[in-house]
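Chemist: work-v4.cif is the file, holding mmCIF, C-alpha atoms and all ligand atoms:
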```cif
data_final
#
loop_
_atom_site.label_atom_id
_atom_site.label_comp_id
_atom_site.auth_asym_id
_atom_site.auth_seq_id
_atom_site.Cartn_x
_atom_site.Cartn_y
_atom_site.Cartn_z
CA MET A 1 -120.65 150.42 48.66
CA THR A 2 -122.55 147.21 49.21
CA LYS A 3 -121.84 145.68 52.60
CA LEU A 4 -121.01 142.09 53.34
CA GLN A 5 -123.74 140.32 55.31
CA GLN A 6 -122.40 136.83 55.82
CA CYS A 7 -119.27 134.89 55.03
CA THR A 8 -118.78 131.13 55.42
CA ASN A 9 -115.62 129.07 55.11
CA LEU A 10 -116.23 125.90 53.09
CA GLY A 11 -112.58 124.83 53.05
CA ASP A 12 -111.84 124.87 49.34
CA ARG A 13 -113.93 128.02 48.93
CA ILE A 14 -115.77 130.76 50.78
CA SER A 15 -119.35 131.78 50.28
CA ILE A 16 -120.40 135.40 50.69
CA THR A 17 -123.86 136.91 50.96
CA TRP A 18 -123.94 140.64 50.28
CA GLN A 19 -126.49 142.96 51.82
CA ASP A 20 -128.22 143.46 48.48
CA GLY A 21 -128.86 139.70 48.32
CA LEU A 22 -126.18 138.82 45.76
CA GLN A 23 -124.30 135.58 46.48
CA ASP A 24 -120.66 135.02 45.65
CA ILE A 25 -118.26 132.12 45.78
CA PHE A 26 -114.49 132.64 45.89
CA HIS A 27 -112.28 129.57 45.59
CA ALA A 28 -109.32 129.08 47.94
CA ILE A 29 -106.92 128.74 45.01
CA TRP A 30 -108.33 131.87 43.33
CA LEU A 31 -107.93 133.85 46.58
CA ARG A 32 -104.42 132.49 47.14
CA ASP A 33 -103.48 133.33 43.55
CA ASN A 34 -104.86 136.84 43.98
CA CYS A 35 -103.31 137.57 47.35
CA HIS A 36 -101.94 141.07 47.06
CA CYS A 37 -99.88 141.37 50.20
CA GLN A 38 -96.47 142.98 49.89
CA GLN A 39 -94.86 139.60 49.45
CA CYS A 40 -97.18 138.49 46.62
CA GLY A 41 -97.34 141.70 44.59
CA ASP A 42 -100.29 143.34 42.92
CA PRO A 43 -102.27 141.38 40.31
CA ALA A 44 -104.38 144.46 39.50
CA ILE A 45 -101.51 146.29 37.82
CA GLY A 46 -99.77 143.40 36.15
CA ARG A 47 -96.90 143.41 38.63
CA ARG A 48 -96.73 140.42 40.90
CA THR A 49 -94.04 138.32 42.41
CA LEU A 50 -96.26 135.36 43.29
CA ARG A 51 -96.03 132.64 40.64
CA LEU A 52 -98.95 130.33 39.96
CA SER A 53 -96.57 127.45 39.28
CA ASP A 54 -95.44 127.61 42.95
CA LEU A 55 -98.95 127.17 44.38
CA ASP A 56 -100.57 123.99 45.59
CA LEU A 57 -103.83 123.61 43.63
CA ALA A 58 -105.35 121.79 46.63
CA VAL A 59 -104.76 124.74 48.96
CA THR A 60 -107.60 125.30 51.45
CA ILE A 61 -108.64 128.07 53.80
CA GLN A 62 -107.76 127.30 57.41
CA PHE A 63 -108.97 130.44 59.14
CA LEU A 64 -111.31 133.13 58.07
CA GLN A 65 -111.94 136.26 60.04
CA LEU A 66 -113.97 139.37 59.41
CA GLY A 67 -111.30 141.89 60.19
CA GLU A 68 -111.16 145.59 60.91
CA ALA A 69 -111.69 148.19 58.23
CA ASP A 70 -114.07 146.16 56.10
CA GLN A 71 -111.64 143.47 55.18
CA LEU A 72 -111.41 139.72 55.30
CA GLU A 73 -108.40 138.04 56.90
CA ILE A 74 -107.51 134.68 55.44
CA THR A 75 -104.99 132.06 56.48
CA TRP A 76 -104.45 129.34 53.87
CA SER A 77 -103.25 125.79 54.43
CA ASP A 78 -99.76 126.84 53.28
CA ASN A 79 -99.72 129.18 56.33
CA HIS A 80 -99.71 132.27 54.15
CA GLN A 81 -101.93 135.13 55.32
CA GLY A 82 -103.70 137.72 53.24
CA LEU A 83 -106.22 140.53 53.52
CA PHE A 84 -109.03 141.27 51.09
CA LYS A 85 -111.12 144.42 51.25
CA TYR A 86 -114.83 143.70 50.78
CA SER A 87 -114.96 146.32 48.08
CA TRP A 88 -112.12 144.57 46.23
CA LEU A 89 -113.94 141.22 46.40
CA ARG A 90 -117.16 142.74 45.18
CA GLN A 91 -115.38 144.46 42.31
CA HIS A 92 -113.71 141.22 41.22
CA SER A 93 -116.70 138.95 41.74
CA TYR A 94 -116.83 136.20 39.12
CA GLY A 95 -120.37 135.07 39.84
CA ASP A 96 -122.80 134.61 36.96
CA THR A 97 -124.56 137.94 37.37
CA PRO A 98 -121.60 140.28 36.88
CA ARG A 99 -120.06 138.06 34.21
CA LYS A 100 -123.24 137.98 32.16
CA HIS A 101 -123.77 141.72 32.32
CA PRO A 102 -120.66 143.45 31.06
CA THR A 103 -120.97 147.11 31.87
CA TYR A 104 -119.70 148.28 28.48
CA GLN A 105 -122.51 148.50 26.00
CA TYR A 106 -122.22 149.98 22.57
CA SER A 107 -124.74 152.56 21.49
CA LEU A 108 -125.78 152.07 17.90
CA TRP A 109 -125.90 155.18 15.71
CA SER A 110 -129.05 157.20 16.09
CA GLU A 111 -130.47 159.44 13.39
CA ASP A 112 -129.26 162.35 15.49
CA PHE A 113 -125.68 161.03 15.64
CA ARG A 114 -125.62 160.43 11.89
CA ASN A 115 -126.68 164.02 11.27
CA ASN A 116 -124.43 165.58 13.90
CA VAL A 117 -121.19 163.66 14.22
CA PRO A 118 -119.18 165.55 16.86
CA ALA A 119 -116.39 167.66 15.31
CA PHE A 120 -113.65 169.21 17.45
CA GLU A 121 -111.15 171.90 16.58
CA PHE A 122 -107.67 170.51 15.99
CA ASN A 123 -105.85 173.15 18.06
CA GLU A 124 -108.25 172.81 20.95
CA VAL A 125 -107.75 169.04 21.04
CA MET A 126 -103.96 169.41 20.84
CA GLY A 127 -103.98 171.82 23.78
CA SER A 128 -106.68 170.47 26.06
CA PRO A 129 -106.77 167.03 27.74
CA GLU A 130 -110.54 167.51 28.28
CA ALA A 131 -111.12 167.96 24.56
CA LEU A 132 -108.88 165.00 23.70
CA PHE A 133 -110.77 162.89 26.24
CA GLU A 134 -114.06 163.80 24.54
CA VAL A 135 -112.69 162.83 21.11
CA LEU A 136 -111.59 159.43 22.42
CA ARG A 137 -114.83 158.88 24.30
CA VAL A 138 -116.89 159.56 21.18
CA VAL A 139 -114.76 157.09 19.18
CA ARG A 140 -115.10 154.49 21.95
CA ASP A 141 -118.88 154.84 22.24
CA HIS A 142 -119.87 155.62 18.63
CA GLY A 143 -116.84 154.51 16.61
CA LEU A 144 -116.43 157.80 14.70
CA CYS A 145 -115.44 161.41 15.37
CA TYR A 146 -114.13 164.36 13.31
CA LEU A 147 -111.53 167.05 13.85
CA LYS A 148 -111.55 170.25 11.83
CA GLN A 149 -109.12 173.05 11.01
CA ALA A 150 -106.04 170.86 11.20
CA PRO A 151 -102.91 172.34 9.55
CA LEU A 152 -102.74 171.69 5.81
CA GLN A 153 -99.35 170.09 6.17
CA SER A 154 -97.98 166.66 5.68
CA GLY A 155 -97.35 165.07 9.08
CA ALA A 156 -99.92 167.05 11.13
CA LEU A 157 -101.92 163.84 11.45
CA GLU A 158 -98.94 161.96 12.84
CA THR A 159 -98.35 164.66 15.47
CA PHE A 160 -101.95 164.27 16.61
CA ALA A 161 -101.91 160.45 16.49
CA ARG A 162 -98.82 160.26 18.68
CA MET A 163 -100.82 161.82 21.53
CA ILE A 164 -102.93 158.64 21.50
CA GLY A 165 -100.62 155.81 20.47
CA TYR A 166 -97.91 154.68 18.09
CA PRO A 167 -98.56 154.86 14.36
CA GLN A 168 -98.35 151.30 13.04
CA GLU A 169 -96.33 150.48 10.01
CA SER A 170 -97.66 147.99 7.46
CA ASN A 171 -96.85 146.87 3.93
CA PHE A 172 -98.48 150.14 2.78
CA GLY A 173 -96.11 152.22 4.94
CA CYS A 174 -96.68 154.24 8.14
CA LEU A 175 -98.04 157.68 7.34
CA GLN A 176 -99.58 157.04 3.96
CA ASP A 177 -100.55 159.32 1.12
CA LEU A 178 -103.80 158.78 -0.64
CA VAL A 179 -103.66 160.55 -3.98
CA ILE A 180 -105.15 159.65 -7.33
CA ASP A 181 -102.51 157.42 -8.85
CA LYS A 182 -103.49 154.51 -11.03
CA GLY A 183 -99.96 153.14 -10.86
CA LYS A 184 -100.40 152.22 -7.22
CA ARG A 185 -101.41 148.83 -6.03
CA SER A 186 -104.22 149.87 -3.73
CA ILE A 187 -107.63 150.42 -5.25
CA ALA A 188 -107.94 153.37 -2.87
CA ASN A 189 -105.59 155.33 -5.17
CA ASP A 190 -107.88 154.81 -8.14
CA VAL A 191 -110.95 156.98 -8.81
CA THR A 192 -113.57 154.25 -8.55
CA ALA A 193 -116.28 154.32 -5.90
CA LEU A 194 -115.48 152.15 -2.90
CA LYS A 195 -118.26 150.25 -1.22
CA PRO A 196 -118.25 150.46 2.57
CA HIS A 197 -115.77 147.98 4.01
CA THR A 198 -113.47 147.43 6.96
CA ASP A 199 -109.76 147.48 6.14
CA GLU A 200 -107.43 144.51 5.90
CA PRO A 201 -109.54 141.71 7.39
CA TYR A 202 -106.93 139.32 5.93
CA ARG A 203 -104.61 140.24 8.81
CA ALA A 204 -104.64 138.31 12.09
CA SER A 205 -104.84 141.76 13.66
CA PRO A 206 -106.53 144.27 11.33
CA PRO A 207 -105.79 148.01 11.68
CA GLY A 208 -107.36 149.34 14.88
CA ILE A 209 -108.11 153.05 14.89
CA LEU A 210 -107.86 154.59 11.42
CA MET A 211 -107.46 158.29 10.73
CA PHE A 212 -107.83 160.22 7.45
CA HIS A 213 -106.52 163.76 7.12
CA CYS A 214 -107.63 165.82 4.12
CA ILE A 215 -104.90 168.20 2.95
CA GLU A 216 -106.09 169.07 -0.54
CA THR A 217 -109.24 168.72 -2.53
CA ASP A 218 -110.82 170.75 -5.29
CA VAL A 219 -114.32 171.59 -6.42
CA THR A 220 -114.26 169.01 -9.21
CA GLY A 221 -113.32 166.42 -6.64
CA ALA A 222 -116.53 164.53 -5.92
CA GLY A 223 -115.58 161.62 -3.69
CA GLU A 224 -117.58 161.94 -0.50
CA SER A 225 -116.49 159.75 2.40
CA ILE A 226 -118.99 157.16 3.57
CA PHE A 227 -119.19 155.68 7.06
CA VAL A 228 -121.52 152.90 8.25
CA ASP A 229 -122.05 151.42 11.71
CA GLY A 230 -121.03 147.76 11.38
CA PHE A 231 -122.53 146.94 14.80
CA ALA A 232 -125.90 148.30 13.66
CA ALA A 233 -125.64 146.11 10.55
CA ALA A 234 -124.90 143.08 12.72
CA GLU A 235 -127.82 143.86 15.06
CA GLN A 236 -130.10 144.25 12.05
CA LEU A 237 -129.07 140.80 10.84
CA ARG A 238 -129.67 139.34 14.31
CA ALA A 239 -133.18 140.85 14.39
CA GLU A 240 -134.07 139.86 10.83
CA ASP A 241 -132.56 136.39 10.49
CA ALA A 242 -131.47 134.53 13.63
CA GLU A 243 -130.24 131.53 11.64
CA GLY A 244 -128.17 133.68 9.31
CA PHE A 245 -126.71 135.54 12.31
CA LYS A 246 -125.76 132.25 13.92
CA ALA A 247 -124.17 130.90 10.74
CA ILE A 248 -122.07 134.05 10.41
CA THR A 249 -121.00 134.33 14.03
CA THR A 250 -120.08 130.65 14.38
CA ASN A 251 -118.18 130.07 11.11
CA ASN A 252 -114.89 131.52 9.97
CA GLN A 253 -114.63 133.50 6.76
CA PRO A 254 -111.25 133.19 5.02
CA PHE A 255 -109.72 136.43 3.67
CA ARG A 256 -106.66 136.76 1.47
CA ARG A 257 -104.49 139.44 -0.13
CA TYR A 258 -101.91 138.12 -2.56
CA PHE A 259 -99.20 139.74 -4.67
CA GLU A 260 -96.98 137.18 -6.30
CA GLY A 261 -93.56 136.86 -4.74
CA ASP A 262 -94.22 139.65 -2.25
CA VAL A 263 -97.31 139.52 -0.05
CA ASP A 264 -99.51 136.62 0.94
CA LEU A 265 -101.69 137.74 3.83
CA SER A 266 -104.28 135.21 4.73
CA THR A 267 -106.44 134.49 7.75
CA SER A 268 -109.83 133.25 8.78
CA PHE A 269 -112.19 134.83 11.31
CA PRO A 270 -115.96 135.27 11.64
CA VAL A 271 -117.37 138.27 9.76
CA ILE A 272 -119.16 139.17 13.01
CA SER A 273 -117.33 138.47 16.28
CA VAL A 274 -119.38 138.04 19.47
CA ASP A 275 -118.42 137.39 23.07
CA LYS A 276 -119.86 134.52 25.07
CA ASN A 277 -122.86 136.63 26.04
CA ASN A 278 -123.50 137.25 22.34
CA TYR A 279 -122.56 140.92 22.49
CA ILE A 280 -120.97 142.05 19.25
CA THR A 281 -117.27 142.80 19.66
CA GLY A 282 -116.12 143.45 16.12
CA VAL A 283 -116.76 143.02 12.40
CA ARG A 284 -114.69 142.18 9.31
CA ILE A 285 -116.90 143.17 6.40
CA ASN A 286 -115.05 143.30 3.10
CA ASP A 287 -116.28 140.90 0.44
CA ARG A 288 -113.68 142.26 -2.02
CA VAL A 289 -110.97 140.27 -0.25
CA ALA A 290 -113.12 137.35 0.89
CA ALA A 291 -111.66 133.96 -0.08
CA PRO A 292 -113.84 130.87 -0.75
CA VAL A 293 -115.82 130.16 2.36
CA SER A 294 -115.73 126.74 3.95
CA VAL A 295 -118.66 126.06 6.28
CA ASP A 296 -120.72 123.04 7.22
CA SER A 297 -122.48 122.22 3.94
CA ASN A 298 -125.95 122.36 5.46
CA GLN A 299 -125.25 125.94 6.60
CA ILE A 300 -124.30 127.36 3.21
CA PRO A 301 -127.79 128.72 2.45
CA GLN A 302 -128.07 130.47 5.83
CA TYR A 303 -124.53 131.79 5.53
CA TYR A 304 -125.07 133.37 2.13
CA ARG A 305 -128.49 134.69 3.10
CA GLY A 306 -126.99 136.26 6.25
CA MET A 307 -124.12 137.83 4.30
CA GLN A 308 -126.52 139.38 1.84
CA ILE A 309 -128.70 140.87 4.59
CA LEU A 310 -125.55 142.31 6.16
CA LEU A 311 -124.31 143.82 2.89
CA ARG A 312 -127.76 145.11 2.00
CA PHE A 313 -127.66 147.09 5.24
CA THR A 314 -124.14 148.44 4.74
CA GLU A 315 -124.85 149.36 1.11
CA ASP A 316 -128.18 151.03 1.90
CA LYS A 317 -127.55 154.78 1.60
CA THR A 318 -130.10 155.54 4.31
CA ASN A 319 -127.72 153.95 6.82
CA TRP A 320 -124.72 155.96 5.63
CA ILE A 321 -123.03 159.00 6.94
CA LYS A 322 -121.86 160.84 3.84
CA HIS A 323 -119.29 163.48 4.55
CA LYS A 324 -117.13 165.33 2.09
CA LEU A 325 -113.77 165.84 3.76
CA SER A 326 -112.58 169.42 3.27
CA PRO A 327 -108.98 170.53 3.66
CA GLY A 328 -108.18 170.50 7.40
CA ASP A 329 -110.71 167.77 8.24
CA ILE A 330 -109.68 164.59 10.04
CA ALA A 331 -111.91 161.54 10.46
CA ILE A 332 -111.06 159.08 13.26
CA PHE A 333 -112.80 155.72 13.41
CA ASP A 334 -112.61 152.22 14.85
CA ASN A 335 -111.90 149.83 11.99
CA HIS A 336 -113.26 146.92 14.05
CA ARG A 337 -116.69 148.51 14.05
CA ILE A 338 -117.06 151.19 11.38
CA LEU A 339 -117.05 150.56 7.64
CA HIS A 340 -115.69 153.26 5.38
CA GLY A 341 -115.95 153.89 1.67
CA ARG A 342 -116.30 156.73 -0.80
CA THR A 343 -118.28 157.79 -3.80
CA ARG A 344 -116.53 157.96 -7.18
CA LEU A 345 -113.86 160.60 -7.69
CA SER A 346 -113.71 162.60 -10.89
CA LEU A 347 -110.84 161.82 -13.18
CA ASN A 348 -109.19 165.22 -13.13
CA ALA A 349 -109.71 165.87 -9.48
CA ARG A 350 -106.96 166.81 -7.13
CA ARG A 351 -107.28 165.04 -3.81
CA TRP A 352 -104.65 164.41 -1.17
CA LEU A 353 -105.43 162.56 2.04
CA GLN A 354 -102.95 161.20 4.53
CA TRP A 355 -103.87 158.31 6.70
CA LEU A 356 -102.44 156.13 9.41
CA GLN A 357 -103.51 153.59 11.99
CA ILE A 358 -102.91 153.06 15.68
CA GLU A 359 -103.48 149.96 17.74
CA ARG A 360 -106.71 149.74 19.76
CA GLY A 361 -104.88 148.73 22.94
CA ASP A 362 -102.94 152.02 22.95
CA PHE A 363 -106.13 153.94 22.24
CA HIS A 364 -107.88 152.48 25.32
CA SER A 365 -104.77 152.88 27.47
CA THR A 366 -104.65 156.61 26.69
CA LEU A 367 -108.35 156.92 27.39
CA ARG A 368 -107.95 155.32 30.85
CA ILE A 369 -104.93 157.43 31.76
CA LEU A 370 -106.81 160.57 30.71
CA SER A 371 -109.85 159.45 32.74
CA ASP A 372 -107.64 159.28 35.83
CA LYS A 373 -105.99 162.64 35.19
CA LEU A 374 -109.35 164.31 34.69
CA HIS A 375 -111.02 162.44 37.58
CA LYS A 376 -113.56 160.84 35.26
CA PRO A 377 -115.04 157.37 35.85
CA ARG A 378 -112.46 154.78 34.88
CA ASP A 379 -112.65 153.00 31.58
CA ASP A 380 -111.33 149.69 32.84
CA LEU A 381 -114.54 147.85 32.16
CA PRO A 382 -114.66 145.46 29.24
CA PHE A 383 -114.64 147.45 26.03
CA SER A 384 -115.54 146.17 22.64
CA ARG A 385 -112.53 143.98 22.21
CA GLY A 386 -112.43 143.75 18.46
CA ALA A 387 -112.94 141.34 15.57
CA TYR A 388 -111.03 138.40 16.96
CA SER A 389 -113.15 135.38 17.74
FE FE B 401 -110.24 151.11 3.03
ZN ZN B 402 -99.66 137.20 49.92
#
```
Starting from the coordinates I provided, produce the structure as structure tokens.

Modeler:
Amino acid sequence: MTKLQQCTNLGDRISITWQDGLQDIFHAIWLRDNCHCQQCGDPAIGRRTLRLSDLDLAVTIQFLQLGEADQLEITWSDNHQGLFKYSWLRQHSYGDTPRKHPTYQYSLWSEDFRNNVPAFEFNEVMGSPEALFEVLRVVRDHGLCYLKQAPLQSGALETFARMIGYPQESNFGCLQDLVIDKGKRSIANDVTALKPHTDEPYRASPPGILMFHCIETDVTGAGESIFVDGFAAAEQLRAEDAEGFKAITTNNQPFRRYFEGDVDLSTSFPVISVDKNNYITGVRINDRVAAPVSVDSNQIPQYYRGMQILLRFTEDKTNWIKHKLSPGDIAIFDNHRILHGRTRLSLNARRWLQWLQIERGDFHSTLRILSDKLHKPRDDLPFSRGAYS
């Protein structure tokens, strides 16, 4: 642990110099707000009794003392006293350096990953927290993972999904059947090829983690599943056309799904979401449900050029993972990063998939709890937060 070298009280803030040379400022109001004495509660676990509305914004630090056991003792101008461990301060530093270097970094798909997507045995994952942890870690870091030898029964997918989170219900249902049925509303039930896309970008909160379970398929089936790394597509656009990347990350794309008298889902978000450090956090790539775009008129050319570069990448077969799901296979992927699609099915084919979705927050919660149980490094660092801004 990095040691504290010097600490100065500046009244409305303290300044700290750490032994590795890093400088930090902590404001008196921030420290007061984050006091975690017994009386104030614990802000680190979302359980505190201290209320911000009760604090004086002009609070200052009256006394500062380097206490025993590597902790700082503070007395504020409201006479309250608190203790802060140096390690806690360092961990929660909000200086430029830690804020600009989030520790979570996505790894784009390598050739090796595309050719060897990790596949775990269903029974092993159901019975072993270590194996389940690995499945979740692969989905977190690469966006896609397979299970194999799952029971060929309706509902097996739901049993698995409930170990990770709560299946989410939508206008399509909860556990959904994907069979060839032209009478259905969704194009997924037709036999046509589906270009790679992310699902339901017209929702304020699109499906998080999607799972497909293959129960039946036959030799005439055709219909290979396609997966593409949406983050790699976004990085390709950034490298190839900075202006196009900027137009797409700074303008909203409207999306809409409309069935008269029944459903009118409509929203507007960037096709590529980035955080303030310009790290990619999510994508909504589905031009089938894109509504007329409305951007600054002098950015239209860059916007369309950028979109085409993006789609050229996602439709380029050399960037695809093509995988024919066999009975017992499950594919798990992050719909805020990975595009999915399929090649054309044959008309007389028999094909039965079940699919469902769980929320990304539950997924990461389970991953953190498992990390603790298995004594792995915690996953409480910023993760890719999704296609939201
Ligand atoms: Fe889809
Ligand atoms: Zn306190």

Chemist: Please return as a PyMOL selection string every residue within 9 Å of (-97.3, 156.4, 11.2), taking into account only C-alpha atoms and the file's own coordinates.

Modeler: chain A and resi 155+157-158+161-162+166-169+173-176+355-358

Chemist: Kindly indicate which residue among A:Ile180, A:Ala44, A:Leu237, A:Leu4 lies nearest to Trp352 in chain A, using only C-alpha atoms for the distances.

Modeler: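 Among the listed residues, the smallest separation from Trp352 in chain A belongs to A:Ile180.
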
Chemist: I'd like the interatomic distance between CA of Ser326 in chain A and CA of Arg351 in chain A, to a tenth of an Å.

Modeler: 9.9 Å

Chemist: Work out how far apart CA of Thr217 in chain A and CA of Ala349 in chain A are and give it in Å to one decimal.

Modeler: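 Separation of CA of Thr217 in chain A and CA of Ala349 in chain A: 7.5 Å.
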
Chemist: Using all atoms listed in the file, determine which residues lie at most 9 Å from range 277-286 of chain A, disregarding the query and same-chain residues fewer than 3 positions distant; provide the list as a count of residues only.

Modeler: 42

Chemist: So, with only C-alpha atoms as the atoms that count, which of A:Ala232, A:Met163, A:Leu370, A:Leu147 lies closest to Cys214 in chain A?

Modeler: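 Once distances to Cys214 in chain A are computed over only C-alpha atoms, the minimum belongs to A:Leu147.
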
Chemist: Record the distance separating CA of Ala69 in chain A and CA of Thr97 in chain A, expressed in Å with one decimal.

Modeler: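 Here the two named atoms are 26.6 Å from each other.
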
Chemist: Within 9 Å of (-110.7, 160.6, 23.8), in the coordinates the file gives, what residues turn up when you count all atoms listed in the file, written out as a list in words?

Modeler: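 Nearby residues: Pro129, Glu130, Ala131, Leu132, Phe133, Glu134, Val135, Leu136, Arg137, Val138, Val139, Arg140, Ile164, Phe363, His364, Thr366, Leu367 and Leu370 of chain A.
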
Chemist: Edge lengths and centre, in Å to one decimal, as AutoDock Vina command-line options: that's what I need for the box along x, y and z that holds all listed atoms of range 16-24 of chain A plus 5 Å on each side.

Modeler:
```
--center_x -124.6 --center_y 139.2 --center_z 48.7 --size_x 18.5 --size_y 18.4 --size_z 16.2
```

Chemist: Can you tell me which residues come within 9 Å of ligand ZN 402 (chain B) when counting all atoms listed in the file, ideally as a list in words?

Modeler: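 So the residues close to ligand ZN 402 (chain B) are Arg32, Asp33, Asn34, Cys35, His36, Cys37, Gln38, Gln39, Cys40, Gly41, Leu50, His80, Gln81, Gly82 and Leu83 of chain A.
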
Chemist: Pick the closest to ligand FE 401 (chain B) from A:Ala156, A:Ile187, A:Leu22, A:Val263: which is it, counting only C-alpha atoms and all ligand atoms?

Modeler: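 When distances to ligand FE 401 (chain B) are compared using only C-alpha atoms and all ligand atoms, the smallest one comes from A:Ile187.
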